[in-house]
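Data first, discussion second: the structure below is written as structure tokens.
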Amino acid sequence: MYRKTMAAVLAAGLAISVNGVSTYIPAQAQSAPASSTAFDNKIIKKISADNMYNTIATLSAQPREAGTEGELIGAKYIKGKFEEYGYETELQPFPIYEAIRNNVSGTLEINGQSLNPYVFSGSYSGEVTAEIVHVGLALDGQVPDNVKGKIALIERGGITFVEKLQNVIDKGAVGVILYNNAGTGNNVGVADPGQNIPAVSITRAQGLALVEQLQKGPVEAHLKVTGSGFVEKTSYNVIASMKPNKNRDNGQVVLVGAHHDSVSGGPGANDDASGVSAVLELARVMAKVPTDTELRFVTFGAEEKGLLGSYHYAGTLSEEEADNIVAHFQMDMIGSKDAGADNPAGGLIMYTIDGQKNLVTDLAAAAGARTSEVIPYGQLGRSDHQPFHELGIPAALFIHSPVEPWYHTPADTIDKIDKNKLQQTAEIVGASVYQIARPDTPAMEHARVAPGPVPYEFEDRPVQ
Ligand SMILES: [Zn+2]
């Protein structure tokens with residue numbers, strides 16, 4: 001699961017076209033009792049928590065930060081497993097841009113006085129001498145034309161750093177001095193790749209003094225940034241697909257996802273080798289099961305950098321392909337013995353982007369009733385269900401909430417993994433996926449074994 005840091009603001013602004021809502025019609029009222037598991041036995045009896053545990057042990061042997069050798073080792077391992085199970089498999093590379101932080105320096109001289117500014121993360125390296133123009137918060141549509149060829153003095157607040165920077169770049173500014181909106185620090189500011197003017201930050205006191213000077217007359221500044229910018233790296237998605245027998249194919253696709261990257265220096269056993277382990281296990285179990293729906297298992301890269309892999313993948317789908325995807329199940333952090341507090345079902349919850357029920361939560365609540373417990377739903381983004389929701393695809397995140405104290409630390413290790421939690425989550429997701437994919441659905445009204453919908457509740461449960 002992704003924590004939105006300043007660096008992660010980089011992720012903003014990826015455009016995805018929005019399609020119509022999926023055409024899948026869930027089964028309506030059924031007569032069979034909710035406790036019947038016979039319906040699911042083809043899948044859930046074969047799910048092995050030991051297999052999942054072993055996958056986590058393998059993947060968490062080293063950190064898998066996106067763009068590093070560790071990620072590639074993990075991605076290749078996952079690809080090999082999918083191939084072993086008979087899936088058509090693709091390693092999908094995509095570029096990620098990482099701000100350079102070593103040997104970055106910035107100088108700012110105003111009226112012969114030298115300030116010690118903070119250089120925006122990822123700031124363009126360059127040198128300018130120009131007059132300063134105060135542009136306030138640099139809000140959309142409020143940047144004056146006279147900033148052209150000048151250095152923009154901007155107050156922090158209201159919109160993101162990247163947006164402020166873009167608003168003055170669009171007006172022709174040649175540099176940026178941002179002043180803080182509180183406190184005594186100056187270490188704020190983030191630039192996007194392609195925002196090619198030097199940008200630095202100063203304290204609030206320095207900024208207000210400059211605003212005062214500007215009221216008396218023009219002020220010139222010499223601004224220089226060196227060593228800063230971005231390096232391009234490659235992250236990967238791993239995509240595995242199994243199409244149904246041609247004469248049964250209903251053209252629909254169900255997606256099951258997790259992210260294989262970890263945070264820097266973290267082994268990411270629970271975040272999210274656990275989700276990957278369930279994706280692989282469900283792929284293994286479902287490989288030989290007849291379906292009328294394409295099964296597509298995807299592990300995403302660069303989730304921790306701001307959902308970059310899932311946005312990339314979603315961006316490669318044509319409108320028609322996206323329309324054919326009827327559901328996305330995302331599993332992220334599904335195995336920690338220390339997560340979930342005292343909540344029922346070990347704290348397992350389904351989060352949707354809009355806080356509304358959808359096909360995925362309906363199916364999984366019913367599957368929970370049959371296999372273990374009904375699980376509640378809540379509202380949260382911060383994982384790879386986000387881009388699919390934006391495409392109009394019913395999507396939900398499965399996670400134990402609140403998260404464990406080891407979240408995003410080097411202590412997110414295999415010894416914190418609970419096999420029962422892995423098993424429970426994989427069974428619920430597996431039974432749900434199978435309900436969509438099995439050949440006798442969605443015409444399930446006629447199947448006497450078909451399970452019915454169950455009531456389940458919204459919970460306003462914070463994840464941290
Ligand atoms: Zn995470």
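Ordering of the structure tokens sets the chain letters (A, B, ...), residue numbers begin anew at 1 in every chain, and ligands are numbered from 1 in the order given.
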
- strand (DSSP E) residues, from DSSP on the backbone, in range 277-462 of chain A, as a list in words: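 Output for range 277-462 of chain A, strand (DSSP E) only: Glu294, Leu295, Arg296, Phe297, Val298, Thr299, Phe300, Ile325, Val326, Ala327, His328, Phe329, Gln330, Met331, Leu348, Ile349, Met350, Tyr351, Thr352, Tyr377, Gly378, Gln379, Ala395, Ala396, Leu397, Phe398, Ile399 and His400 of chain A.
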
- If you count only C-alpha atoms and all ligand atoms, which residues end up within 9 Å of ligand 1, as a list in words? Met1, Tyr2, Arg3, His259, Asp261, Ser262, Val263, Gly268, Asn270, Asp271, Asp272, Glu303, Glu304, Asp332, Met333, Arg382, Ser383, Tyr407 and His408 of chain A

- Restricting to only C-alpha atoms, whichever of A:Ala278, A:Ala341, A:Val219, A:Val360 is closest to Gln424 in chain A is A:Ala278

- Query: Restricting the calculation to only C-alpha atoms, which member of A:Pro267, A:Gly122, A:Gly183, A:Gly347 is positioned closest to Asp415 in chain A?
  - Reply: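 Among the listed residues, A:Pro267 lies closest to Asp415 in chain A.
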
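Between CA of Thr361 in chain A and CA of Asn420 in chain A lies a distance of 20.9 Å.
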
- Message: So that I can check the surroundings of Ala327 in chain A, please list as a PyMOL selection string every protein, DNA and RNA residue that reaches within 7 Å of it, counting only C-alpha atoms and ignoring chain neighbours fewer than 5 positions away.
- Response: chain A and resi 254-255+360+393-395

- Extract, using only C-alpha atoms, all DNA, RNA and protein residues at most 9 Å from Met286 in chain A, discarding same-chain residues fewer than 6 positions from it, and format them as a list of chain:residue names.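 Returned residues: A:Lys42, A:Ile43, A:Leu295, A:Gly430, A:Tyr434.
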
Using only all heavy atoms, please write the residues we just selected to a file, as a JSON list (two decimals), in the first residue's frame.
[["chain", "number", "residue", "atom", "x", "y", "z"],
["A", 42, "LYS", "N", -14.39, -26.56, -5.75],
["A", 42, "LYS", "CA", -13.44, -26.75, -6.85],
["A", 42, "LYS", "C", -12.23, -25.84, -6.69],
["A", 42, "LYS", "O", -11.15, -26.13, -7.17],
["A", 42, "LYS", "CB", -14.12, -26.43, -8.18],
["A", 42, "LYS", "CG", -14.46, -27.68, -8.94],
["A", 42, "LYS", "CD", -14.88, -27.36, -10.35],
["A", 42, "LYS", "CE", -15.21, -28.65, -11.06],
["A", 42, "LYS", "NZ", -16.22, -28.52, -12.06],
["A", 43, "ILE", "N", -12.43, -24.72, -6.05],
["A", 43, "ILE", "CA", -11.36, -23.75, -5.88],
["A", 43, "ILE", "C", -10.76, -23.81, -4.48],
["A", 43, "ILE", "O", -9.56, -24.04, -4.30],
["A", 43, "ILE", "CB", -11.89, -22.32, -6.13],
["A", 43, "ILE", "CG1", -12.41, -22.19, -7.55],
["A", 43, "ILE", "CG2", -10.80, -21.27, -5.86],
["A", 43, "ILE", "CD1", -11.40, -22.50, -8.62],
["A", 295, "LEU", "N", -9.36, -15.18, -17.35],
["A", 295, "LEU", "CA", -8.73, -14.87, -16.06],
["A", 295, "LEU", "C", -7.45, -14.11, -16.35],
["A", 295, "LEU", "O", -6.63, -14.57, -17.14],
["A", 295, "LEU", "CB", -8.39, -16.16, -15.32],
["A", 295, "LEU", "CG", -9.54, -17.10, -14.98],
["A", 295, "LEU", "CD1", -8.98, -18.39, -14.41],
["A", 295, "LEU", "CD2", -10.48, -16.44, -13.99],
["A", 430, "GLY", "N", -10.75, -16.05, -4.23],
["A", 430, "GLY", "CA", -10.84, -17.16, -5.18],
["A", 430, "GLY", "C", -12.28, -17.58, -5.45],
["A", 430, "GLY", "O", -12.69, -17.77, -6.61],
["A", 434, "TYR", "N", -14.17, -17.13, -9.01],
["A", 434, "TYR", "CA", -14.72, -18.32, -9.65],
["A", 434, "TYR", "C", -16.21, -18.16, -9.94],
["A", 434, "TYR", "O", -16.73, -18.67, -10.93],
["A", 434, "TYR", "CB", -14.46, -19.56, -8.77],
["A", 434, "TYR", "CG", -14.87, -20.84, -9.43],
["A", 434, "TYR", "CD1", -14.48, -21.13, -10.74],
["A", 434, "TYR", "CD2", -15.66, -21.77, -8.75],
["A", 434, "TYR", "CE1", -14.86, -22.31, -11.35],
["A", 434, "TYR", "CE2", -16.04, -22.96, -9.35],
["A", 434, "TYR", "CZ", -15.65, -23.21, -10.65],
["A", 434, "TYR", "OH", -16.03, -24.38, -11.26]]

- Item | Nearest to Tyr456 in chain A by atom-to-atom distance, counting only C-alpha atoms, from A:Ile202, A:Met350, A:Val253, A:Ile73 | A:Met350

- Message: Just the number, please: distance in Å from CA of Gln464 in chain A to CA of Pro405 in chain A, one decimal.
- Response: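 About the pair CA of Gln464 in chain A and CA of Pro405 in chain A: they are 9.1 Å apart.
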
Please produce, as CSV, a per-residue contact table for range 33-120 of chain A versus range 227-251 of chain A (criterion: any atom at most 8 Å away, only C-alpha atoms considered), showing the nearest atom pair and its distance in Å to one decimal, sorted by chain then residue number.
residue,atom,partner,partner_atom,distance
A:Ala66,CA,A:Ser235,CA,5.4
A:Gly67,CA,A:Ser235,CA,4.7
A:Thr68,CA,A:Ser235,CA,7.8
A:Glu71,CA,A:Ser235,CA,7.5
A:Leu72,CA,A:Tyr236,CA,7.4
A:Ala75,CA,A:Val238,CA,6.5
A:Ile78,CA,A:Val238,CA,7.3
A:Lys79,CA,A:Val238,CA,6.3
A:Phe82,CA,A:Ala240,CA,6.3
A:Tyr87,CA,A:Ser241,CA,5.5
A:Glu88,CA,A:Ser241,CA,5.2
A:Thr89,CA,A:Ala240,CA,4.4
A:Glu90,CA,A:Ile239,CA,5.1
A:Leu91,CA,A:Val238,CA,4.8
A:Gln92,CA,A:Asn237,CA,4.9
A:Pro93,CA,A:Tyr236,CA,4.4
A:Phe94,CA,A:Ser235,CA,5.5
A:Pro95,CA,A:Thr234,CA,4.6
A:Ile96,CA,A:Lys233,CA,5.2
A:Tyr97,CA,A:Glu232,CA,4.6
A:Glu98,CA,A:Phe230,CA,5.2
A:Ala99,CA,A:Phe230,CA,4.4
A:Ile100,CA,A:Phe230,CA,5.5
A:Arg101,CA,A:Ser228,CA,7.0
A:Asn102,CA,A:Gly227,CA,7.7
A:Asn103,CA,A:Gly227,CA,5.9
A:Val104,CA,A:Gly227,CA,4.6
A:Ser105,CA,A:Gly227,CA,6.5

- Separation of CA of Phe458 in chain A and CA of Thr352 in chain A, in Å?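 Between these atoms lies a distance of 10.6 Å.
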
- Task: Rank A:Gly315, A:Pro144, A:Pro117, A:Pro387 by their smallest atom-to-atom distance to Gln206 in chain A, using only C-alpha atoms, and report the top residue only.
- Result: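 Under the stated criterion, the closest residue is A:Pro117.
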